[in-house]
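K.L.:
Questions regarding the structure given below will be posed in turn.
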Amino acid sequence: MKNKFSDVTISRNPLPKRSAEEIKELVDKLMSKMTLAEKIGQMYEIGHSSSAITGPEFDSNQTVQRIKDGLAGSVLGMYDNNVIYALQKCAVEDSRLGIPLLFCNDIIHGCRTMFPHNLAMSCTWEPNLIYEASKVSAYESSHSGVNLTFSPMLDLVRDPRWGRVMESSGEDPYLASVMAKAYVEGYQQDLLSYDSVASCAKHFVGYGAALAGREYNTVDISKRALHQYYLPSFKSAIDSGTKMVMTAFNVVNDVPMTANKEMLRDVLRNQLGFKGVVISDFTSSMEITHHKIAKDMKEVAKKCVIAGLDHEMISTSYIDYLEELVKEKAVDPKLIDEACHRVLTLKYELGLFDNPYKNVYFDFENYWLGEAAKASSLKVALESAVLLKNEKNALPLKQNEKIALIGPLAKSKEVVGAWGGKCNVNDSSVLYDALVEEGHDVSYAYGCDYNSSDKSHFAEALEVAGAADTIVLAIGEQQHMSGEANARSNIKLPGVQEELINELKKLGKKLIVVLFTGRPLDLTGVIDQIDGLLCAWFLGTQSGIALEKLLYGKANPSGKLTMTFPYTVGQVPIFYNNLNTGRPLNKVYFDHYTTRYLDIPNTPLFPFGFGLSYSKFEYSNLRVSKKTLSPNEKIIVSVDVKNVSKVAGKEIVELYIEATCFSVSRPNLELKGFKKIELDIAQTETIEFEIDQQMLAYYNIDMQNITEPGLYNIYVGPSSIDLLKETIESVN
Ligand code: GLC
């Protein structure tokens with residue numbers, strides 16, 4: 001990229017460390033000089049282009065003037081470091097007080113070196129890998145103009161129709177909480193360093209519960225479900241020091257989150273202890289008019305600032321009306337002061353007052369796609385893929401097998417998934433190329449489009465397959481069929497892909513599917529035709545290289561599902577930690593009147609926690625150190641895991657509990673621990689988990705998060721459907 005400022009040298013000197021008290025004094029002093037309008041200016045995030053999404057929210061020509069007038073506190077989505085430098089220079093040199101801007105971007109699973117999307121990475125069940133991916137993303141982002149990233153996305157998800165499941169860590173609150181910590185710490189290592197970025201926990205809260213999986217739809221969550229399932233990952237991010245929280249588009253208790261005082265002040269601030277900046281989502285403040293709780297933008301400004309929104313993204317209700325509202329005494333100026341104080345504090349914590357250009361690098365390409373970054377991306381990719389079926393050891397492929405590689409993803413570079421940061425898909429390694437480069441005997445046919453009724457390529461695919469030993473289908477979704485505003489009512493393989501499978505299977509050859517997807521899909525119609533099924537998600541820059549290693553056994557799949565694959569979309573929402581109901585299937589008092597469907601089973605196609613390996617592991621000898629758990633004590637749960645195969649491999653050992661009978665109905669299973677181990681051939685390892693009373697706690701009938709005395713079943717195993725059982729009693 002042409003560097004318009006080639007004569008500019010930016011200091012990279014260490015930034016001064018200050019205590020919270022010192023920063024507070026500096027902010028107080030600065031605010032004493034600020035006008036009301038300038039304080040309000042710090043509460044506004046200006047966009048990078050006028051929005052076609054929800055109406056032209058601003059005229060981009062006003063950008064510079066607003067910055068000069070001190071009416072912008074941050075900038076959304078600017079990628080060009082020349083422009084970032086120019087806008088920052090304008091703020092620092094041309095505005096009255098020279099307050100630096102905060103540059104924010106959506107870097108959620110990689111900046112230029114792309115990692116697998118977040119749902120895929122959660123299937124590693126390895127927080128160290130999430131930390132590593134976040135650290136690499138932070139390094140590349142902080143060397144290309146980014147001060148803060150709008151990540152991690154912490155929405156609990158139970159509905160694969162919703163396109164944004166690909167950004168999440170799945171359906172379990174405990175696992176999502178573990179990953180939340182890893183993301184925040186990976187991004188923020190040291191905010192004054194030149195390698196870190198501030199993080200933003202989003203979308204607070206409940207966005208993943210959009211009814212029917214329809215994007216931006218209404219959310220209706222019980223108070224207990226909110227606290228038990230949807231808030232824990234945010235608490236984890238806050239306890240890990242995240243600097244920003246973004247409000248969700250949806251309502252909770254029928255009040256839009258962006259203007260939800262109970263959730264933003266009582267829950268987020270007072271209960272969860274968040275002290276950082278609360279930012280709206282893209283025009284979500286204006287959208288409370290569509291939610292019909294504000295009649296105009298002046299009322300938007302009033303309701304949002306009273307609710308506790310500190311920083312308004314794109315919409316301009318704050319800079320247009322807050323000053324007037326304060327003068328009318330309709331808004332307490334203290335609310336402006338507290339919001340502005342938080343924004344300025346964050347800028348000091350990032351060192352932007354000492355070096356406004358700290359993250360501007362005109363040679364940013366030099367910091368991208370390093371060998372170490374690509375190696376890290378490959379490592380994460382290898383552990384994100386999930387082997388879902390492997391009949392008669394269809395996989396791994398043998399070096400001498402003649403392969404027919406067929407499908408729209410076989411030669412595609414579009415393997416990074418939605419929210420691709422600053423990526424260029426041309427960086428992506430391609431499955432076909434990787435197979436050829438590794439000397440495999442591979443022929444190719446397109447087979448069919450992602451999502452059309454065109455079968456004109458079937459004949460060629462059948463011909464190429466007819467000449468091969470094994471058919472490998474690279475199929476699934478196009479990468480932008482998931483992500484924001486990409487809900488699907490039908491989650492089958494799109495287009496004519498199922499028909500292609502059926503036609504190819506008639507050849508009677510081994511058929512492998514490499515499934516590219518941003519969400520769990522409904523594969524029931526074709527699963528019987530498939531001998532080996534590897535869920536490849538979208539594995540990022542190293543996709544092709546990773547898949548070649550996994551398909552040929554150079555790497556052993558170890559991923560396990562963090563989100564249920566339904567038997568069909570008719571089961572959705574379906575998730576492992578469901579309640580027992582009053583007429584459970586296994587207690588059939590009436591041969592008809594029990595919880596089930598007339599036409600499909602209750603069980604999913606592939607359950608939470610499930611994933612195969614080329615190894616085979618046996619679990620035995622589950623035992624507990626004692627049967628009674630007293631306050632402030634621990635019980636050690638032990639299990640022996642043996643690798644009974646001839647292939648070394650990694651195994652994720654999962655610990656669940658079942659509360660037997662208490663003041664509220666509790667799930668049949670609750671994940672409370674997991675460990676990823678590596679076992680050599682014939683190796684046995686004893687895995688231990690510690691259980692204390694806090695782990696057994698739940699929001700009881702009075703909404704107290706306590707551990708009720710009684711019997712708890714303890715389960716350990718390779719997935720949520722394959723478990724050894726013990727029982728303990730918790731006593732007061
Ligand atoms: C989008 C998304 C949010 C993102 C923001 C800024 O609409 O909902 O996740 O961070 O706008 O791009």
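The way I read the labels, and the way they are meant: chains A, B, ... in the order of the structure tokens, residue 1 as the first residue of every chain, and ligand 1 as the first ligand shown, with later ones counted on from there.
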Taking only residues of chain A that have an atom at most 7 Å from an atom of ligand 1, what is each one's shortest atom pair and its distance in Å to one decimal, using only C-alpha atoms and all ligand atoms, in chain and number order, as a tab-separated table?

P.N.:
residue	atom	partner	partner_atom_place_in_ligand_line	distance
A:Leu76	CA	ligand 1	6 (C)	6.9
A:Gly77	CA	ligand 1	12 (O)	6.6
A:Asn105	CA	ligand 1	12 (O)	6.8
A:Asp106	CA	ligand 1	10 (O)	5.5
A:Phe150	CA	ligand 1	10 (O)	4.9
A:Lys202	CA	ligand 1	9 (O)	6.9
A:His203	CA	ligand 1	9 (O)	6.9
A:Asp281	CA	ligand 1	5 (C)	5.4
A:Phe282	CA	ligand 1	11 (O)	4.5
A:Glu484	CA	ligand 1	8 (O)	6.9

K.L.:
Mind running segment 400-476 of chain A against segment 118-140 of chain A at 12 Å and telling me each contacting residue's nearest atom pair with the distance in Å (one decimal), counting only C-alpha atoms, chain and number ascending, as a tab-separated table?

P.N.:
residue	atom	partner	partner_atom	distance
A:Val416	CA	A:Asn118	CA	10.9
A:Gly417	CA	A:Asn118	CA	9.6
A:Ala418	CA	A:Asn118	CA	10.2
A:Trp419	CA	A:Asn118	CA	10.3
A:Gly420	CA	A:Ser137	CA	11.4
A:Gly421	CA	A:Ser137	CA	9.3
A:Lys422	CA	A:Glu140	CA	9.5
A:Cys423	CA	A:Glu140	CA	10.9

K.L.:
Just all heavy atoms for this one: save the residues we selected as a compact mmCIF listing (two decimals), in the first residue's frame.

P.N.:
# COMPACT_ATOMS: atom_id res chain seq x y z
N VAL A 416 -12.05 -19.30 5.18
CA VAL A 416 -11.71 -18.63 6.45
C VAL A 416 -12.95 -18.36 7.29
O VAL A 416 -12.87 -18.07 8.46
CB VAL A 416 -10.95 -17.31 6.21
CG1 VAL A 416 -9.60 -17.56 5.60
CG2 VAL A 416 -11.79 -16.36 5.38
N GLY A 417 -14.11 -18.46 6.68
CA GLY A 417 -15.32 -18.19 7.45
C GLY A 417 -15.65 -16.71 7.46
O GLY A 417 -14.86 -15.86 7.02
N ALA A 418 -16.80 -16.37 8.05
CA ALA A 418 -17.22 -14.97 8.12
C ALA A 418 -16.31 -14.20 9.07
O ALA A 418 -15.53 -14.79 9.81
CB ALA A 418 -18.68 -14.92 8.59
N TRP A 419 -16.43 -12.86 9.04
CA TRP A 419 -15.59 -12.00 9.91
C TRP A 419 -14.12 -12.32 9.70
O TRP A 419 -13.39 -12.73 10.62
CB TRP A 419 -15.97 -12.16 11.38
CG TRP A 419 -17.34 -11.70 11.72
CD1 TRP A 419 -18.43 -12.48 11.99
CD2 TRP A 419 -17.82 -10.34 11.78
NE1 TRP A 419 -19.54 -11.70 12.24
CE2 TRP A 419 -19.20 -10.39 12.11
CE3 TRP A 419 -17.23 -9.09 11.61
CZ2 TRP A 419 -19.97 -9.24 12.26
CZ3 TRP A 419 -18.00 -7.94 11.76
CH2 TRP A 419 -19.35 -8.02 12.07
N GLY A 420 -13.67 -12.10 8.50
CA GLY A 420 -12.29 -12.47 8.14
C GLY A 420 -11.26 -11.41 8.44
O GLY A 420 -10.19 -11.41 7.84
N GLY A 421 -11.57 -10.49 9.38
CA GLY A 421 -10.53 -9.53 9.79
C GLY A 421 -9.96 -8.79 8.60
O GLY A 421 -10.70 -8.25 7.77
N LYS A 422 -8.63 -8.78 8.48
CA LYS A 422 -7.97 -8.09 7.37
C LYS A 422 -7.45 -9.10 6.36
O LYS A 422 -6.50 -8.86 5.62
CB LYS A 422 -6.80 -7.27 7.91
CG LYS A 422 -7.21 -6.21 8.94
CD LYS A 422 -6.01 -5.44 9.46
CE LYS A 422 -6.48 -4.32 10.38
NZ LYS A 422 -5.77 -3.08 10.13
N CYS A 423 -8.11 -10.29 6.36
CA CYS A 423 -7.53 -11.38 5.57
C CYS A 423 -7.71 -11.16 4.08
O CYS A 423 -8.53 -10.39 3.63
CB CYS A 423 -8.16 -12.71 5.98
SG CYS A 423 -9.68 -13.10 5.10

K.L.:
Compare A:Asn556, A:Thr541, A:Thr707, A:Thr218 by their minimum atom-to-atom distance to Cys111 of chain A, counting only C-alpha atoms, and give me the closest one.

P.N.:
A:Thr541

K.L.:
Which residues are near Pro601 of chain A? Cut-off 10 Å, only C-alpha atoms, ignore same chain within fewer than 6 positions. Put them as a PyMOL selection string.

P.N.:
chain A and resi 567-568+571

K.L.:
Quick one: everything within 12 Å of Lys292 of chain A, counting only C-alpha atoms, minus sequence neighbours fewer than 6 positions away in the same chain. Send it as a list in words.

P.N.:
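Residues near the query, excluding close chain neighbours: Val251, Asp254, Val255, Pro256, Ala259, Ser285, Met286, Glu299 and Val300 of chain A.
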
K.L.:
Going by DSSP on the backbone, which residues of segment 80-289 of chain A come out as strand (DSSP E or B)? List them as a compact mmCIF listing (two decimals) with all heavy atoms, in the first residue's frame.

P.N.:
# COMPACT_ATOMS: atom_id res chain seq x y z
N LEU A 102 -9.79 6.31 19.62
CA LEU A 102 -9.62 4.87 19.86
C LEU A 102 -10.08 4.16 18.59
O LEU A 102 -11.22 4.35 18.15
CB LEU A 102 -10.50 4.45 21.04
CG LEU A 102 -10.56 2.99 21.41
CD1 LEU A 102 -9.25 2.54 22.06
CD2 LEU A 102 -11.74 2.72 22.36
N PHE A 103 -9.19 3.36 18.00
CA PHE A 103 -9.53 2.67 16.74
C PHE A 103 -9.93 1.23 17.03
O PHE A 103 -9.16 0.45 17.59
CB PHE A 103 -8.36 2.75 15.77
CG PHE A 103 -8.17 4.13 15.22
CD1 PHE A 103 -7.36 5.06 15.88
CD2 PHE A 103 -8.83 4.54 14.08
CE1 PHE A 103 -7.21 6.35 15.41
CE2 PHE A 103 -8.70 5.83 13.59
CZ PHE A 103 -7.88 6.74 14.26
N CYS A 104 -11.16 0.90 16.64
CA CYS A 104 -11.75 -0.41 16.96
C CYS A 104 -12.04 -1.20 15.68
O CYS A 104 -12.51 -0.62 14.69
CB CYS A 104 -13.08 -0.22 17.68
SG CYS A 104 -12.98 0.86 19.11
N ASN A 105 -11.76 -2.51 15.73
CA ASN A 105 -12.04 -3.38 14.57
C ASN A 105 -12.59 -4.72 15.03
O ASN A 105 -12.40 -5.11 16.18
CB ASN A 105 -10.76 -3.64 13.77
CG ASN A 105 -10.30 -2.41 13.01
OD1 ASN A 105 -9.67 -1.54 13.61
ND2 ASN A 105 -10.63 -2.30 11.74
N GLY A 110 -8.65 -13.97 13.94
CA GLY A 110 -7.46 -13.74 13.13
C GLY A 110 -7.53 -12.39 12.46
O GLY A 110 -8.62 -11.89 12.16
N MET A 114 -5.40 -16.10 9.34
CA MET A 114 -6.72 -16.48 9.83
C MET A 114 -6.69 -17.82 10.55
O MET A 114 -6.11 -18.79 10.06
CB MET A 114 -7.73 -16.53 8.70
CG MET A 114 -8.00 -15.16 8.09
SD MET A 114 -8.41 -13.89 9.31
CE MET A 114 -9.94 -14.53 9.97
N LEU A 148 -8.33 -1.72 19.72
CA LEU A 148 -9.29 -2.56 20.44
C LEU A 148 -10.03 -3.45 19.45
O LEU A 148 -10.40 -3.00 18.36
CB LEU A 148 -10.30 -1.66 21.17
CG LEU A 148 -11.43 -2.35 21.93
CD1 LEU A 148 -11.76 -1.61 23.22
CD2 LEU A 148 -12.69 -2.49 21.09
N THR A 149 -10.24 -4.70 19.82
CA THR A 149 -10.98 -5.60 18.94
C THR A 149 -12.34 -5.94 19.55
O THR A 149 -12.46 -6.10 20.77
CB THR A 149 -10.21 -6.90 18.66
OG1 THR A 149 -11.00 -7.69 17.75
CG2 THR A 149 -9.96 -7.72 19.93
N MET A 153 -16.71 -12.92 21.18
CA MET A 153 -18.16 -13.09 21.12
C MET A 153 -18.53 -14.20 22.09
O MET A 153 -18.06 -15.32 21.97
CB MET A 153 -18.56 -13.43 19.69
CG MET A 153 -20.05 -13.49 19.43
SD MET A 153 -20.73 -15.12 19.76
CE MET A 153 -22.06 -15.14 18.57
N ALA A 198 -6.94 -4.08 23.30
CA ALA A 198 -8.00 -4.23 24.29
C ALA A 198 -9.09 -5.12 23.69
O ALA A 198 -9.22 -5.23 22.47
CB ALA A 198 -8.58 -2.87 24.65
N SER A 199 -9.82 -5.80 24.59
CA SER A 199 -10.87 -6.71 24.11
C SER A 199 -12.24 -6.15 24.46
O SER A 199 -12.37 -5.25 25.29
CB SER A 199 -10.70 -8.08 24.77
OG SER A 199 -10.96 -7.98 26.17
N CYS A 200 -13.25 -6.72 23.81
CA CYS A 200 -14.63 -6.27 24.03
C CYS A 200 -15.52 -7.50 24.08
O CYS A 200 -15.64 -8.22 23.08
CB CYS A 200 -15.08 -5.35 22.91
SG CYS A 200 -16.85 -4.96 22.98
N ALA A 201 -16.14 -7.77 25.22
CA ALA A 201 -17.02 -8.94 25.35
C ALA A 201 -18.38 -8.59 24.75
O ALA A 201 -18.97 -7.56 25.08
CB ALA A 201 -17.18 -9.30 26.82
N LYS A 202 -18.84 -9.46 23.83
CA LYS A 202 -20.10 -9.18 23.16
C LYS A 202 -20.88 -10.46 22.93
O LYS A 202 -20.29 -11.55 23.07
CB LYS A 202 -19.82 -8.48 21.82
CG LYS A 202 -19.18 -9.39 20.76
CD LYS A 202 -18.85 -8.61 19.50
CE LYS A 202 -18.33 -9.52 18.40
NZ LYS A 202 -17.90 -8.79 17.20
N HIS A 203 -22.19 -10.39 22.69
CA HIS A 203 -23.08 -9.25 22.70
C HIS A 203 -23.92 -9.38 23.96
O HIS A 203 -24.60 -10.38 24.13
CB HIS A 203 -23.95 -9.30 21.46
CG HIS A 203 -23.19 -9.45 20.19
ND1 HIS A 203 -22.72 -10.67 19.69
CD2 HIS A 203 -22.76 -8.53 19.29
CE1 HIS A 203 -22.08 -10.48 18.55
NE2 HIS A 203 -22.08 -9.19 18.28
N PHE A 204 -23.80 -8.43 24.81
CA PHE A 204 -24.45 -8.52 26.13
C PHE A 204 -25.92 -8.20 26.03
O PHE A 204 -26.26 -7.05 25.74
CB PHE A 204 -23.74 -7.55 27.11
CG PHE A 204 -24.15 -7.72 28.54
CD1 PHE A 204 -23.69 -8.78 29.29
CD2 PHE A 204 -25.04 -6.81 29.13
CE1 PHE A 204 -24.08 -8.94 30.61
CE2 PHE A 204 -25.44 -6.97 30.45
CZ PHE A 204 -24.96 -8.04 31.20
N MET A 244 -14.16 -3.69 27.58
CA MET A 244 -15.38 -3.15 26.98
C MET A 244 -16.42 -4.26 26.88
O MET A 244 -16.08 -5.44 26.78
CB MET A 244 -15.05 -2.60 25.58
CG MET A 244 -16.16 -1.83 24.92
SD MET A 244 -15.66 -1.17 23.28
CE MET A 244 -14.91 0.40 23.76
N VAL A 245 -17.67 -3.87 26.95
CA VAL A 245 -18.80 -4.79 26.74
C VAL A 245 -19.72 -4.14 25.72
O VAL A 245 -20.01 -2.95 25.81
CB VAL A 245 -19.55 -5.06 28.06
CG1 VAL A 245 -20.88 -5.73 27.80
CG2 VAL A 245 -18.70 -5.92 29.00
N MET A 246 -20.14 -4.94 24.76
CA MET A 246 -21.03 -4.43 23.70
C MET A 246 -22.44 -4.94 23.93
O MET A 246 -22.65 -6.14 24.17
CB MET A 246 -20.54 -4.90 22.33
CG MET A 246 -21.38 -4.38 21.17
SD MET A 246 -20.91 -5.10 19.58
CE MET A 246 -19.27 -4.47 19.38
N THR A 247 -23.40 -4.03 23.83
CA THR A 247 -24.80 -4.43 24.05
C THR A 247 -25.32 -5.16 22.82
O THR A 247 -24.95 -4.86 21.69
CB THR A 247 -25.69 -3.20 24.32
OG1 THR A 247 -25.68 -2.36 23.16
CG2 THR A 247 -25.21 -2.45 25.54
N VAL A 251 -33.88 -7.77 22.76
CA VAL A 251 -34.48 -7.41 24.06
C VAL A 251 -34.14 -8.50 25.06
O VAL A 251 -33.89 -9.64 24.72
CB VAL A 251 -36.01 -7.26 23.94
CG1 VAL A 251 -36.38 -6.16 22.98
CG2 VAL A 251 -36.67 -8.58 23.55
N VAL A 252 -34.16 -8.13 26.35
CA VAL A 252 -34.23 -9.07 27.47
C VAL A 252 -35.33 -8.53 28.37
O VAL A 252 -35.35 -7.32 28.65
CB VAL A 252 -32.88 -9.16 28.22
CG1 VAL A 252 -33.06 -9.83 29.57
CG2 VAL A 252 -31.85 -9.92 27.39
N VAL A 255 -37.07 -5.49 26.96
CA VAL A 255 -36.43 -4.17 26.88
C VAL A 255 -35.15 -4.33 26.07
O VAL A 255 -34.32 -5.18 26.40
CB VAL A 255 -36.09 -3.63 28.29
CG1 VAL A 255 -35.37 -2.29 28.18
CG2 VAL A 255 -37.34 -3.51 29.15
N PRO A 256 -34.95 -3.54 25.01
CA PRO A 256 -33.74 -3.66 24.21
C PRO A 256 -32.51 -3.51 25.10
O PRO A 256 -32.46 -2.62 25.96
CB PRO A 256 -33.84 -2.49 23.22
CG PRO A 256 -35.29 -2.16 23.16
CD PRO A 256 -35.85 -2.48 24.50
N VAL A 277 -16.00 0.21 29.63
CA VAL A 277 -16.88 0.98 28.73
C VAL A 277 -17.97 0.08 28.16
O VAL A 277 -17.68 -1.02 27.69
CB VAL A 277 -16.04 1.57 27.57
CG1 VAL A 277 -16.94 2.30 26.56
CG2 VAL A 277 -14.98 2.52 28.11
N VAL A 278 -19.20 0.56 28.19
CA VAL A 278 -20.31 -0.15 27.53
C VAL A 278 -20.59 0.55 26.21
O VAL A 278 -20.88 1.75 26.18
CB VAL A 278 -21.58 -0.14 28.40
CG1 VAL A 278 -22.76 -0.78 27.65
CG2 VAL A 278 -21.33 -0.88 29.71
N ILE A 279 -20.46 -0.20 25.13
CA ILE A 279 -20.67 0.35 23.79
C ILE A 279 -21.90 -0.31 23.17
O ILE A 279 -22.20 -1.47 23.49
CB ILE A 279 -19.43 0.12 22.89
CG1 ILE A 279 -19.54 0.88 21.57
CG2 ILE A 279 -19.21 -1.37 22.63
CD1 ILE A 279 -18.26 0.86 20.73
